[in-house]
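Engineer: Dropping in final.txt, which is compact mmCIF, C-alpha atoms:
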# COMPACT_ATOMS: atom_id res chain seq x y z
CA MET A 14 89.49 -51.39 46.70
CA GLY A 15 90.26 -55.02 47.44
CA GLN A 16 88.99 -58.06 45.56
CA LEU A 17 86.62 -58.98 48.38
CA ARG A 18 84.97 -55.55 48.59
CA THR A 19 84.67 -55.30 44.79
CA SER A 20 82.93 -58.67 44.59
CA ILE A 21 80.57 -57.88 47.47
CA LEU A 22 79.50 -54.55 46.00
CA SER A 23 79.02 -56.04 42.53
CA LEU A 24 76.74 -58.75 43.89
CA GLN A 25 74.83 -56.36 46.11
CA LYS A 26 74.22 -53.95 43.21
CA LEU A 27 72.86 -56.74 41.01
CA LEU A 28 70.39 -57.76 43.70
CA VAL A 29 69.42 -54.48 45.32
CA ASN A 30 68.26 -52.95 42.02
CA ASN A 31 66.08 -55.88 40.98
CA PRO A 32 62.99 -54.96 43.08
CA ALA A 33 62.75 -51.57 41.33
CA LYS A 34 63.19 -53.20 37.93
CA LEU A 35 60.51 -55.78 38.72
CA GLU A 36 58.23 -53.02 40.01
CA ALA A 37 58.58 -51.24 36.66
CA VAL A 38 57.67 -54.43 34.78
CA GLN A 39 54.68 -55.05 37.05
CA LYS A 40 53.37 -51.50 36.53
CA ALA A 41 53.73 -51.87 32.76
CA LEU A 42 51.77 -55.12 32.87
CA GLU A 43 49.07 -53.57 35.02
CA ALA A 44 48.69 -50.51 32.77
CA GLY A 45 48.65 -52.66 29.64
CA GLY A 46 46.00 -54.99 31.02
CA THR A 47 43.75 -52.11 32.07
CA ARG A 48 44.04 -50.53 28.62
CA ILE A 49 43.29 -53.80 26.82
CA GLU A 50 40.16 -54.36 28.91
CA GLU A 51 39.00 -50.84 28.00
CA LEU A 52 39.64 -51.51 24.32
CA GLY A 53 37.72 -54.76 24.58
CA ARG A 54 34.65 -52.94 25.85
CA THR A 55 35.06 -50.37 23.07
CA ALA A 56 35.15 -53.19 20.51
CA ASP A 57 31.84 -54.58 21.80
CA GLU A 58 30.28 -51.15 21.54
CA GLY A 59 31.75 -50.52 18.07
CA TRP A 60 30.49 -53.73 16.51
CA ASN A 61 27.08 -53.31 18.12
CA LEU A 62 26.83 -49.79 16.66
CA VAL A 63 27.74 -51.14 13.19
CA PHE A 64 25.07 -53.80 13.40
CA MET A 65 22.45 -51.40 14.77
CA HIS A 66 23.17 -49.09 11.83
CA LEU A 67 22.68 -51.96 9.37
CA THR A 68 19.50 -53.05 11.16
CA ASN A 69 18.02 -49.56 10.84
CA LYS A 70 19.24 -49.31 7.26
CA PHE A 71 17.36 -52.46 6.21
CA LYS A 72 14.13 -52.02 8.17
CA LYS A 73 12.19 -51.15 5.04
CA SER A 74 13.80 -53.85 2.89
CA GLY A 75 13.23 -56.99 4.95
CA GLY A 76 15.88 -56.50 7.68
CA THR A 77 19.37 -57.97 7.91
CA ALA A 78 18.24 -61.52 7.17
CA ALA A 79 16.94 -60.52 3.75
CA ASN A 80 20.16 -58.63 3.04
CA ALA A 81 22.55 -61.11 4.66
CA ASN A 82 24.61 -61.74 1.54
CA LEU A 83 25.15 -58.13 0.58
CA LYS A 84 28.80 -57.10 0.74
CA LEU A 85 30.27 -54.07 2.48
CA SER A 86 30.97 -52.48 -0.87
CA GLU A 87 27.25 -52.68 -1.62
CA VAL A 88 25.94 -51.27 1.65
CA ILE A 89 28.57 -48.70 2.55
CA ASP A 90 27.43 -45.16 3.37
CA PRO A 91 29.15 -42.23 5.13
CA GLU A 92 27.87 -43.15 8.62
CA LEU A 93 28.80 -46.82 8.22
CA ALA A 94 32.23 -45.83 6.92
CA LYS A 95 32.75 -43.70 10.02
CA LEU A 96 31.77 -46.57 12.35
CA ILE A 97 34.01 -49.06 10.54
CA LYS A 98 36.89 -46.59 10.73
CA GLY A 99 36.39 -46.53 14.50
CA VAL A 100 36.56 -50.35 14.67
CA ASP A 101 39.75 -50.35 12.60
CA SER A 102 41.23 -47.70 14.86
CA TRP A 103 40.42 -49.86 17.88
CA LYS A 104 42.12 -52.84 16.24
CA LYS A 105 45.29 -50.83 15.66
CA ASP A 106 45.24 -49.52 19.25
CA MET A 107 44.81 -53.02 20.67
CA THR A 108 47.66 -54.39 18.58
CA ALA A 109 49.93 -51.48 19.55
CA VAL A 110 49.14 -51.69 23.27
CA ALA A 111 49.58 -55.47 23.32
CA ALA A 112 52.89 -55.22 21.46
CA LYS A 113 54.08 -52.47 23.79
CA TYR A 114 53.42 -54.34 27.00
CA GLU A 115 54.66 -57.65 25.59
CA LYS A 116 57.88 -55.81 24.72
CA SER A 117 58.00 -54.29 28.23
CA PHE A 118 57.66 -57.74 29.77
CA SER A 119 60.17 -59.41 27.45
CA ALA A 120 62.70 -56.60 27.83
CA GLY A 121 62.22 -56.53 31.60
CA MET A 122 62.66 -60.30 31.86
CA ALA A 123 65.79 -60.13 29.71
CA VAL A 124 67.35 -57.56 32.05
CA ILE A 125 66.39 -59.48 35.19
CA SER A 126 67.60 -62.76 33.68
CA LYS A 127 70.92 -61.16 32.78
CA ASP A 128 71.24 -59.74 36.29
CA LEU A 129 70.47 -63.11 37.87
CA SER A 130 73.05 -64.89 35.72
CA ALA A 131 75.61 -62.21 36.58
CA ALA A 132 74.66 -62.43 40.28
CA GLU A 133 75.00 -66.22 40.16
CA ALA A 134 78.52 -65.88 38.76
CA GLU A 135 79.39 -63.13 41.25
CA ALA A 136 78.09 -65.18 44.19
CA LYS A 137 80.22 -68.12 43.05
CA LYS A 138 83.22 -65.82 42.77
CA LEU A 139 82.52 -64.33 46.20
CA ARG A 140 82.19 -67.78 47.76
CA GLY A 141 85.55 -68.70 46.22
CA VAL A 142 87.19 -65.63 47.74
CA ALA A 143 85.57 -66.32 51.11
CA ASN A 144 86.57 -69.99 51.15
CA LYS A 145 90.11 -69.07 50.16
CA LYS A 146 90.38 -66.68 53.10
CA LEU A 147 88.20 -68.70 55.47
CA LYS A 148 91.06 -70.41 57.27
CA LYS A 149 92.75 -67.11 58.02
CA TRP A 150 89.53 -65.39 59.08
CA LEU A 151 88.61 -68.26 61.41
CA ALA A 152 92.00 -67.91 63.02
CA SER A 153 91.24 -64.28 63.78
CA ALA A 154 89.36 -63.65 66.99
CA LYS A 155 88.09 -60.38 65.57
CA TYR A 156 86.29 -61.88 62.56
CA LYS A 157 85.52 -65.46 63.54
CA ALA A 158 82.02 -64.57 64.75
CA LYS A 159 81.21 -62.74 61.51
CA ILE A 160 82.36 -65.20 58.88
CA LYS A 161 79.63 -67.79 59.46
CA GLY A 162 76.94 -65.16 59.03
CA TYR A 163 78.53 -63.99 55.79
CA LEU A 164 78.60 -67.49 54.34
CA ASP A 165 74.97 -68.01 55.40
CA VAL A 166 74.07 -64.88 53.42
CA ILE A 167 75.75 -66.29 50.32
CA ASP A 168 73.75 -69.52 50.80
CA ASP A 169 70.49 -67.53 50.99
CA ILE A 170 71.36 -65.50 47.91
CA ASP A 171 72.31 -68.63 45.96
CA GLY A 172 68.94 -70.13 46.88
CA LEU A 173 67.03 -67.05 45.75
CA ILE A 174 68.89 -66.87 42.44
CA ALA A 175 68.36 -70.56 41.70
CA THR A 176 64.63 -70.35 42.46
CA GLN A 177 64.04 -67.23 40.38
CA LYS A 178 66.05 -68.54 37.42
CA LYS A 179 64.00 -71.74 37.42
CA GLN A 180 60.70 -69.85 37.60
CA MET A 181 61.84 -67.38 34.96
CA SER A 182 62.26 -70.23 32.50
CA GLU A 183 58.58 -71.02 33.04
CA THR A 184 57.59 -67.62 31.65
CA ASP A 185 59.14 -68.42 28.28
CA GLY A 186 55.84 -69.95 27.19
CA LEU A 187 53.85 -66.78 27.81
CA ALA A 188 53.28 -65.69 24.21
CA PHE A 189 50.73 -62.87 24.56
CA ASP A 190 49.26 -63.95 21.21
CA THR A 191 47.44 -61.13 19.36
CA SER A 192 46.48 -63.09 16.24
CA TRP A 193 42.84 -63.10 17.35
CA VAL A 194 42.74 -59.29 17.02
CA ASN A 195 43.38 -59.41 13.27
CA LYS A 196 41.30 -62.56 12.82
CA TRP A 197 38.11 -61.15 14.33
CA PHE A 198 38.39 -57.41 13.87
CA THR A 199 39.84 -56.83 10.42
CA VAL A 200 37.28 -55.16 8.13
CA SER A 201 37.38 -55.99 4.39
CA ALA A 202 35.26 -54.98 1.39
CA SER A 203 34.22 -58.61 0.86
CA MET A 204 32.56 -58.91 4.28
CA THR A 205 28.81 -59.46 4.18
CA VAL A 206 26.00 -58.18 6.34
CA LYS A 207 25.90 -61.65 7.92
CA ASP A 208 29.60 -61.33 8.81
CA PHE A 209 28.90 -58.06 10.60
CA GLU A 210 26.03 -59.69 12.48
CA SER A 211 28.28 -62.52 13.68
CA ARG A 212 30.86 -60.00 14.89
CA ALA A 213 28.21 -58.12 16.84
CA SER A 214 27.09 -61.29 18.61
CA MET A 215 30.57 -62.56 19.52
CA ASP A 216 31.90 -62.28 23.06
CA THR A 217 34.79 -59.86 22.73
CA GLN A 218 35.39 -60.00 26.48
CA ALA A 219 36.03 -63.73 26.19
CA PHE A 220 38.83 -63.03 23.70
CA VAL A 221 40.25 -60.38 26.01
CA LYS A 222 39.97 -62.71 29.01
CA ASN A 223 41.88 -65.46 27.23
CA TYR A 224 44.48 -62.99 26.08
CA LEU A 225 44.94 -61.55 29.58
CA ALA A 226 45.47 -65.00 31.09
CA ASP A 227 49.13 -64.92 30.12
CA GLN A 228 49.48 -61.42 31.47
CA GLN A 229 47.99 -62.50 34.80
CA LYS A 230 50.47 -65.37 34.99
CA ALA A 231 53.32 -63.01 34.19
CA ASP A 232 52.07 -60.51 36.76
CA LYS A 233 51.90 -63.22 39.41
CA TYR A 234 55.51 -64.22 38.79
CA VAL A 235 56.76 -60.63 38.74
CA ARG A 236 54.99 -59.74 42.00
CA LYS A 237 56.32 -62.89 43.65
CA TRP A 238 59.90 -62.18 42.58
CA ARG A 239 59.64 -58.56 43.66
CA ASP A 240 58.26 -59.51 47.10
CA GLU A 241 60.94 -62.15 47.62
CA TYR A 242 63.50 -59.36 47.84
CA LYS A 243 61.60 -57.93 50.83
CA GLY A 244 62.59 -61.09 52.67
CA MET A 245 66.18 -60.48 51.62
CA ALA A 246 66.37 -57.12 53.39
CA SER A 247 68.45 -58.44 56.27
CA GLN A 248 70.77 -60.32 53.92
CA LEU A 249 71.32 -57.23 51.81
CA ALA A 250 71.93 -55.19 54.96
CA THR A 251 74.49 -57.77 56.07
CA MET A 252 76.16 -57.52 52.67
CA LYS A 253 76.33 -53.74 53.05
CA LYS A 254 77.97 -54.16 56.47
CA TRP A 255 80.26 -56.82 55.04
CA SER A 256 81.40 -54.46 52.31
CA ASP A 257 82.15 -51.85 54.97
CA ASP A 258 84.25 -54.45 56.81
CA ALA A 259 85.93 -55.87 53.73
CA ASP A 260 88.79 -53.40 53.29
CA GLU A 261 89.65 -53.56 56.97
CA MET A 262 89.45 -57.36 56.94
CA GLU A 263 91.85 -57.59 54.05
CA GLU A 264 94.23 -55.03 55.54
CA VAL A 265 94.46 -56.63 58.97
CA GLU A 266 94.12 -60.22 57.84
CA ASN A 267 97.81 -61.07 57.90
CA GLU A 268 98.43 -58.95 60.97
CA ASP A 269 95.62 -60.58 62.95
CA VAL A 270 96.68 -64.10 62.02
CA ALA A 271 100.31 -63.38 62.84
CA SER A 272 99.27 -61.92 66.17
CA VAL A 273 97.28 -65.02 67.01
CA ARG A 274 100.34 -67.10 66.27
CA GLY A 275 102.61 -64.82 68.22
CA GLU A 276 104.58 -63.80 65.14
CA SER A 277 104.09 -60.04 65.30
CA GLY A 278 101.73 -57.38 66.60
CA ASP A 279 99.87 -57.53 69.89
CA GLY A 280 98.96 -61.20 70.25
CA SER A 281 99.01 -61.16 74.05
CA GLY A 282 97.18 -63.91 75.84
CA ALA A 283 97.19 -66.75 78.33
CA LEU A 284 98.67 -70.03 77.03
CA LYS A 285 98.02 -73.66 77.93
CA ALA A 286 99.21 -77.11 76.84
CA ILE A 287 102.66 -75.69 76.11
CA LYS A 288 105.34 -77.71 74.32
CA ILE A 289 109.03 -76.80 73.95
CA LEU A 290 110.79 -78.23 70.90
CA SER A 291 114.39 -78.33 69.80
CA GLY A 292 114.16 -78.69 66.07
CA SER A 293 111.31 -81.16 65.62
CA LYS A 294 111.94 -82.99 68.91
CA GLU A 295 109.82 -82.23 71.98
CA ILE A 296 112.10 -81.66 74.97
CA GLY A 297 109.73 -80.26 77.61
CA THR A 298 106.25 -79.10 78.54
CA ALA A 299 104.56 -76.45 80.67
CA ASP A 300 100.99 -76.25 81.92
CA LYS A 301 100.49 -72.53 81.50
CA GLY A 302 102.10 -69.22 80.61
CA ASP A 303 101.32 -65.61 79.87
CA TYR A 304 102.55 -64.36 76.50
CA LYS A 305 103.15 -60.69 75.83
CA PRO A 306 104.93 -59.54 72.69
CA LYS A 307 108.29 -57.82 73.31
CA ALA A 308 108.33 -59.15 76.90
CA PRO A 309 110.16 -62.26 78.19
CA LEU A 310 108.05 -65.42 78.43
CA LYS A 311 108.49 -67.10 81.82
CA LEU A 312 107.51 -70.78 82.16
CA ILE A 313 107.75 -73.56 84.74
CA VAL A 314 109.04 -76.36 82.51
CA LYS A 315 108.88 -80.11 83.03
CA TRP A 316 111.88 -81.34 81.06
CA ASP A 317 111.97 -84.65 79.31
CA LYS A 318 114.37 -87.23 80.71
CA GLY A 319 118.01 -86.49 79.90
CA VAL A 320 117.47 -82.85 78.93
CA ASP A 321 120.00 -80.43 80.50
CA PRO A 322 118.39 -76.96 80.44
CA LEU A 323 121.78 -75.26 80.97
CA SER A 324 122.95 -76.68 77.64
CA LEU A 325 120.12 -74.76 75.97
CA LEU A 326 121.16 -71.30 77.19
CA LYS A 327 121.19 -68.75 74.35
CA LYS A 328 119.97 -71.40 71.95
CA LYS A 329 116.79 -71.27 69.86
CA VAL A 330 113.75 -73.41 70.70
CA THR A 331 110.24 -73.49 69.32
CA ILE A 332 107.27 -73.07 71.62
CA LYS A 333 103.86 -74.39 70.59
CA ALA A 334 100.71 -73.91 72.65
CA ALA A 335 97.00 -73.25 72.60
CA PHE A 336 95.44 -70.00 73.75
CA VAL A 337 93.23 -70.31 76.81
CA ASP A 338 90.72 -68.38 74.70
CA SER A 339 89.81 -71.28 72.39
CA GLY A 340 88.51 -68.88 69.76
CA ARG A 341 92.04 -67.66 69.07
CA GLY A 342 93.44 -70.90 67.69
CA THR A 343 97.05 -71.99 68.24
CA PHE A 344 100.30 -70.26 69.17
CA THR A 345 103.65 -71.04 67.54
CA SER A 346 106.83 -68.98 67.79
CA ASP A 347 110.60 -69.30 68.07
CA PHE A 348 112.37 -68.12 71.22
CA LYS A 349 115.88 -68.04 72.72
CA VAL A 350 116.47 -69.62 76.15
CA ASP A 351 117.49 -66.51 78.07
CA LYS A 352 117.71 -67.57 81.75
CA VAL A 353 117.65 -70.83 83.74
CA LEU A 354 116.97 -70.29 87.44
CA GLY A 355 118.40 -72.43 90.22
CA ASP A 356 115.51 -74.91 90.31
CA MET A 357 116.30 -75.78 86.66
CA LYS A 358 112.56 -75.51 85.94
CA THR A 359 111.89 -71.77 85.92
CA ILE A 360 112.96 -70.67 82.48
CA THR A 361 112.84 -67.25 80.81
CA PHE A 362 112.55 -67.14 77.02
CA SER A 363 113.08 -64.06 74.89
Please lay out the structure from this file as structure tokens.
Structural biologist:
Amino acid sequence: MGQLRTSILSLQKLLVNNPAKLEAVQKALEAGGTRIEELGRTADEGWNLVFMHLTNKFKKSGGTAANANLKLSEVIDPELAKLIKGVDSWKKDMTAVAAKYEKSFSAGMAVISKDLSAAEAEAKKLRGVANKKLKKWLASAKYKAKIKGYLDVIDDIDGLIATQKKQMSETDGLAFDTSWVNKWFTVSASMTVKDFESRASMDTQAFVKNYLADQQKADKYVRKWRDEYKGMASQLATMKKWSDDADEMEEVENEDVASVRGESGDGSGALKAIKILSGSKEIGTADKGDYKPKAPLKLIVKWDKGVDPLSLLKKKVTIKAAFVDSGRGTFTSDFKVDKVLGDMKTITFS
């Protein structure tokens, strides 16, 4: 496998797998958010049940206001202990779920970030390979039409990588802070009846809403990055086709270029603006000719003043020309003057 094909496939693999990885992160975020909202509603219900129990407990002794300063250790009973255990269980679940999905997001972002950095380096490497071979490919009629499209694909990929890397840095500030869980939902023996009342009246959903704000920002980024790859479908398809072409391009590269120049292979074609040189000195010109490898080249030559074509018989000259097909570049090859006809202008080169 050639260097070009290896680089193309490496870059394609880094990009083509990212949508699935982003999809996995997005699903983890969605599941985590749904679970946290459920736990938030459970917390509201749990604290309300605790306070209702205390309210009923103190109906005959002046209500909660009269018993506001009593501590948990003074009012605890089996039913209250059961309710408080439920609140503590909720707190542990919330912390675990939040930690799990924060880890999913962080781990997912680390993988994507690593892939993007690797893709950036691979795209740079691929561009270097392409630019190095560009001159030869452009000289080849077979691949000239393709090379511009390939370089355009690299430009598009570079743009996508740069944009996503910049936006990914913006997610570094998404902390998914869970300190409020312990602050507001930790039960201790020193808590008073008044403390329980304040917990029952607090807006747990507000805490959850604030907490989920970071998740919603993260989700927005992840969905955006995932969907951006949908727009890259044609570029990725082009890369796949390019990888299929790569081995052939590298194998025939030298052959195609040599053929264009008339050095070897089948470089047949109509010539124009023909110049005949002896060493580095131009000695004659011809308007047109038809070159076929392994066949004599016959030209009607206009010799420069003082040139005796008979003196050139069996001697080497260099012929430079342009192909009539402008896409094929230039023609340069050495020939021997084989025949000079009676008009001194019709010359056969071999």
Engineer: Go through A:Asn195, A:Ala136, A:Lys285, A:Lys333 and flag the residue nearest Ile167 (chain A), using all atoms listed in the file for the distances.
Structural biologist: A:Ala136
Engineer: Just how far from CA of Arg236 (chain A) is CA of Asp171 (chain A), in Å to one decimal?
Structural biologist: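 Straight-line distance from CA of Asp171 (chain A) to CA of Arg236 (chain A) works out to 19.9 Å.
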Engineer: Rounded to one decimal in Å, what is the spacing between CA of Thr199 (chain A) and CA of Ala120 (chain A)?
Structural biologist: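 Interatomic distance, CA of Thr199 (chain A) to CA of Ala120 (chain A): 28.7 Å.
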Engineer: Within 10 Å of (68.9, -59.0, 38.8) in the file's own coordinates, which protein, DNA or RNA residues have an atom, counting all atoms listed in the file? List them as a ChimeraX atom specification.
Structural biologist: /A:24-35,122-133,174,177
Engineer: Around the point (124.9, -69.1, 73.3), in the coordinates given by the file, pick out the residues reaching within 10 Å, counting only C-alpha atoms, and return them as a PyMOL selection string.
Structural biologist: chain A and resi 324-329+349-351
Engineer: Considering only C-alpha atoms, can you say which of A:Arg54, A:Leu42, A:Ala79, A:Phe198 comes closest to Ser102 (chain A)?
Structural biologist: A:Phe198
Engineer: Find the spatial neighbours of region 65-71 of chain A, counting only C-alpha atoms, within a cut-off of 12 Å - ignore same-chain residues fewer than 4 positions away - and output them as an NGL selection string.
Structural biologist: :A and (58-61 or 75-81 or 83-85 or 87-97 or 205-210 or 213-214)
Engineer: Of the candidates A:Leu139, A:Val320, A:Pro309, A:Val166, which shows the shortest atom-to-atom distance to Leu290 (chain A), using only C-alpha atoms?
Structural biologist: A:Val320
Engineer: For Met357 (chain A), which residue among A:Phe118, A:Trp238, A:Trp316, A:Phe344 is the nearest when counting only C-alpha atoms?
Structural biologist: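 Between A:Phe118, A:Trp238, A:Trp316, A:Phe344, the residue approaching Met357 (chain A) most closely is A:Trp316.
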Engineer: By how many Å are CA of Glu241 (chain A) and CA of Lys178 (chain A) apart?
Structural biologist: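 These atoms are spaced 13.1 Å apart.
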Engineer: With all atoms listed in the file as the basis for distance, which of A:Glu43, A:Leu62, A:Ser23, A:Ala111 is at the shortest distance from Lys138 (chain A)?
Structural biologist: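 Comparing A:Glu43, A:Leu62, A:Ser23, A:Ala111 against Lys138 (chain A), the winner is A:Ser23.
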Engineer: Find, counting all atoms listed in the file, the residue in A:Ala134, A:Tyr163, A:Ala202, A:Asp232 that gets nearest to Gly45 (chain A).
Structural biologist: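 Closest residue, counting all atoms listed in the file: A:Asp232.
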Engineer: May I ask you to restore N, CA and C atoms in region 17-35 of chain A and write the result as a PDB file, in the frame of the given file?
Structural biologist:
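Writing the result to part_29.pdb gives the following:
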ATOM      1  N   LEU A  17      87.799 -58.591  47.602  1.00  0.00           N
ATOM      2  CA  LEU A  17      86.620 -58.980  48.380  1.00  0.00           C
ATOM      3  C   LEU A  17      85.550 -57.888  48.318  1.00  0.00           C
ATOM      4  N   ARG A  18      85.935 -56.657  48.592  1.00  0.00           N
ATOM      5  CA  ARG A  18      84.970 -55.550  48.590  1.00  0.00           C
ATOM      6  C   ARG A  18      84.353 -55.357  47.199  1.00  0.00           C
ATOM      7  N   THR A  19      85.169 -55.452  46.162  1.00  0.00           N
ATOM      8  CA  THR A  19      84.670 -55.300  44.790  1.00  0.00           C
ATOM      9  C   THR A  19      83.609 -56.338  44.484  1.00  0.00           C
ATOM     10  N   SER A  20      83.876 -57.582  44.865  1.00  0.00           N
ATOM     11  CA  SER A  20      82.930 -58.670  44.590  1.00  0.00           C
ATOM     12  C   SER A  20      81.644 -58.507  45.382  1.00  0.00           C
ATOM     13  N   ILE A  21      81.751 -58.090  46.631  1.00  0.00           N
ATOM     14  CA  ILE A  21      80.570 -57.880  47.470  1.00  0.00           C
ATOM     15  C   ILE A  21      79.679 -56.797  46.884  1.00  0.00           C
ATOM     16  N   LEU A  22      80.277 -55.667  46.527  1.00  0.00           N
ATOM     17  CA  LEU A  22      79.500 -54.550  46.000  1.00  0.00           C
ATOM     18  C   LEU A  22      78.868 -54.879  44.655  1.00  0.00           C
ATOM     19  N   SER A  23      79.571 -55.641  43.831  1.00  0.00           N
ATOM     20  CA  SER A  23      79.020 -56.040  42.530  1.00  0.00           C
ATOM     21  C   SER A  23      77.786 -56.906  42.720  1.00  0.00           C
ATOM     22  N   LEU A  24      77.876 -57.859  43.635  1.00  0.00           N
ATOM     23  CA  LEU A  24      76.740 -58.750  43.890  1.00  0.00           C
ATOM     24  C   LEU A  24      75.584 -57.978  44.512  1.00  0.00           C
ATOM     25  N   GLN A  25      75.886 -57.123  45.460  1.00  0.00           N
ATOM     26  CA  GLN A  25      74.830 -56.360  46.110  1.00  0.00           C
ATOM     27  C   GLN A  25      74.096 -55.474  45.109  1.00  0.00           C
ATOM     28  N   LYS A  26      74.833 -54.841  44.200  1.00  0.00           N
ATOM     29  CA  LYS A  26      74.220 -53.950  43.210  1.00  0.00           C
ATOM     30  C   LYS A  26      73.282 -54.721  42.296  1.00  0.00           C
ATOM     31  N   LEU A  27      73.696 -55.917  41.893  1.00  0.00           N
ATOM     32  CA  LEU A  27      72.860 -56.740  41.010  1.00  0.00           C
ATOM     33  C   LEU A  27      71.551 -57.115  41.674  1.00  0.00           C
ATOM     34  N   LEU A  28      71.586 -57.328  42.983  1.00  0.00           N
ATOM     35  CA  LEU A  28      70.390 -57.760  43.700  1.00  0.00           C
ATOM     36  C   LEU A  28      69.531 -56.597  44.173  1.00  0.00           C
ATOM     37  N   VAL A  29      70.169 -55.561  44.682  1.00  0.00           N
ATOM     38  CA  VAL A  29      69.420 -54.480  45.320  1.00  0.00           C
ATOM     39  C   VAL A  29      68.601 -53.687  44.312  1.00  0.00           C
ATOM     40  N   ASN A  30      69.005 -53.685  43.044  1.00  0.00           N
ATOM     41  CA  ASN A  30      68.260 -52.950  42.020  1.00  0.00           C
ATOM     42  C   ASN A  30      67.127 -53.741  41.394  1.00  0.00           C
ATOM     43  N   ASN A  31      67.107 -55.047  41.622  1.00  0.00           N
ATOM     44  CA  ASN A  31      66.080 -55.880  40.980  1.00  0.00           C
ATOM     45  C   ASN A  31      64.654 -55.570  41.421  1.00  0.00           C
ATOM     46  N   PRO A  32      64.381 -55.289  42.702  1.00  0.00           N
ATOM     47  CA  PRO A  32      62.990 -54.960  43.080  1.00  0.00           C
ATOM     48  C   PRO A  32      62.431 -53.788  42.289  1.00  0.00           C
ATOM     49  N   ALA A  33      63.225 -52.731  42.087  1.00  0.00           N
ATOM     50  CA  ALA A  33      62.750 -51.570  41.330  1.00  0.00           C
ATOM     51  C   ALA A  33      62.500 -51.938  39.874  1.00  0.00           C
ATOM     52  N   LYS A  34      63.369 -52.768  39.317  1.00  0.00           N
ATOM     53  CA  LYS A  34      63.190 -53.200  37.930  1.00  0.00           C
ATOM     54  C   LYS A  34      61.928 -54.057  37.788  1.00  0.00           C
ATOM     55  N   LEU A  35      61.708 -54.939  38.742  1.00  0.00           N
ATOM     56  CA  LEU A  35      60.510 -55.780  38.720  1.00  0.00           C
ATOM     57  C   LEU A  35      59.252 -54.941  38.933  1.00  0.00           C
TER      58      LEU A  35
END
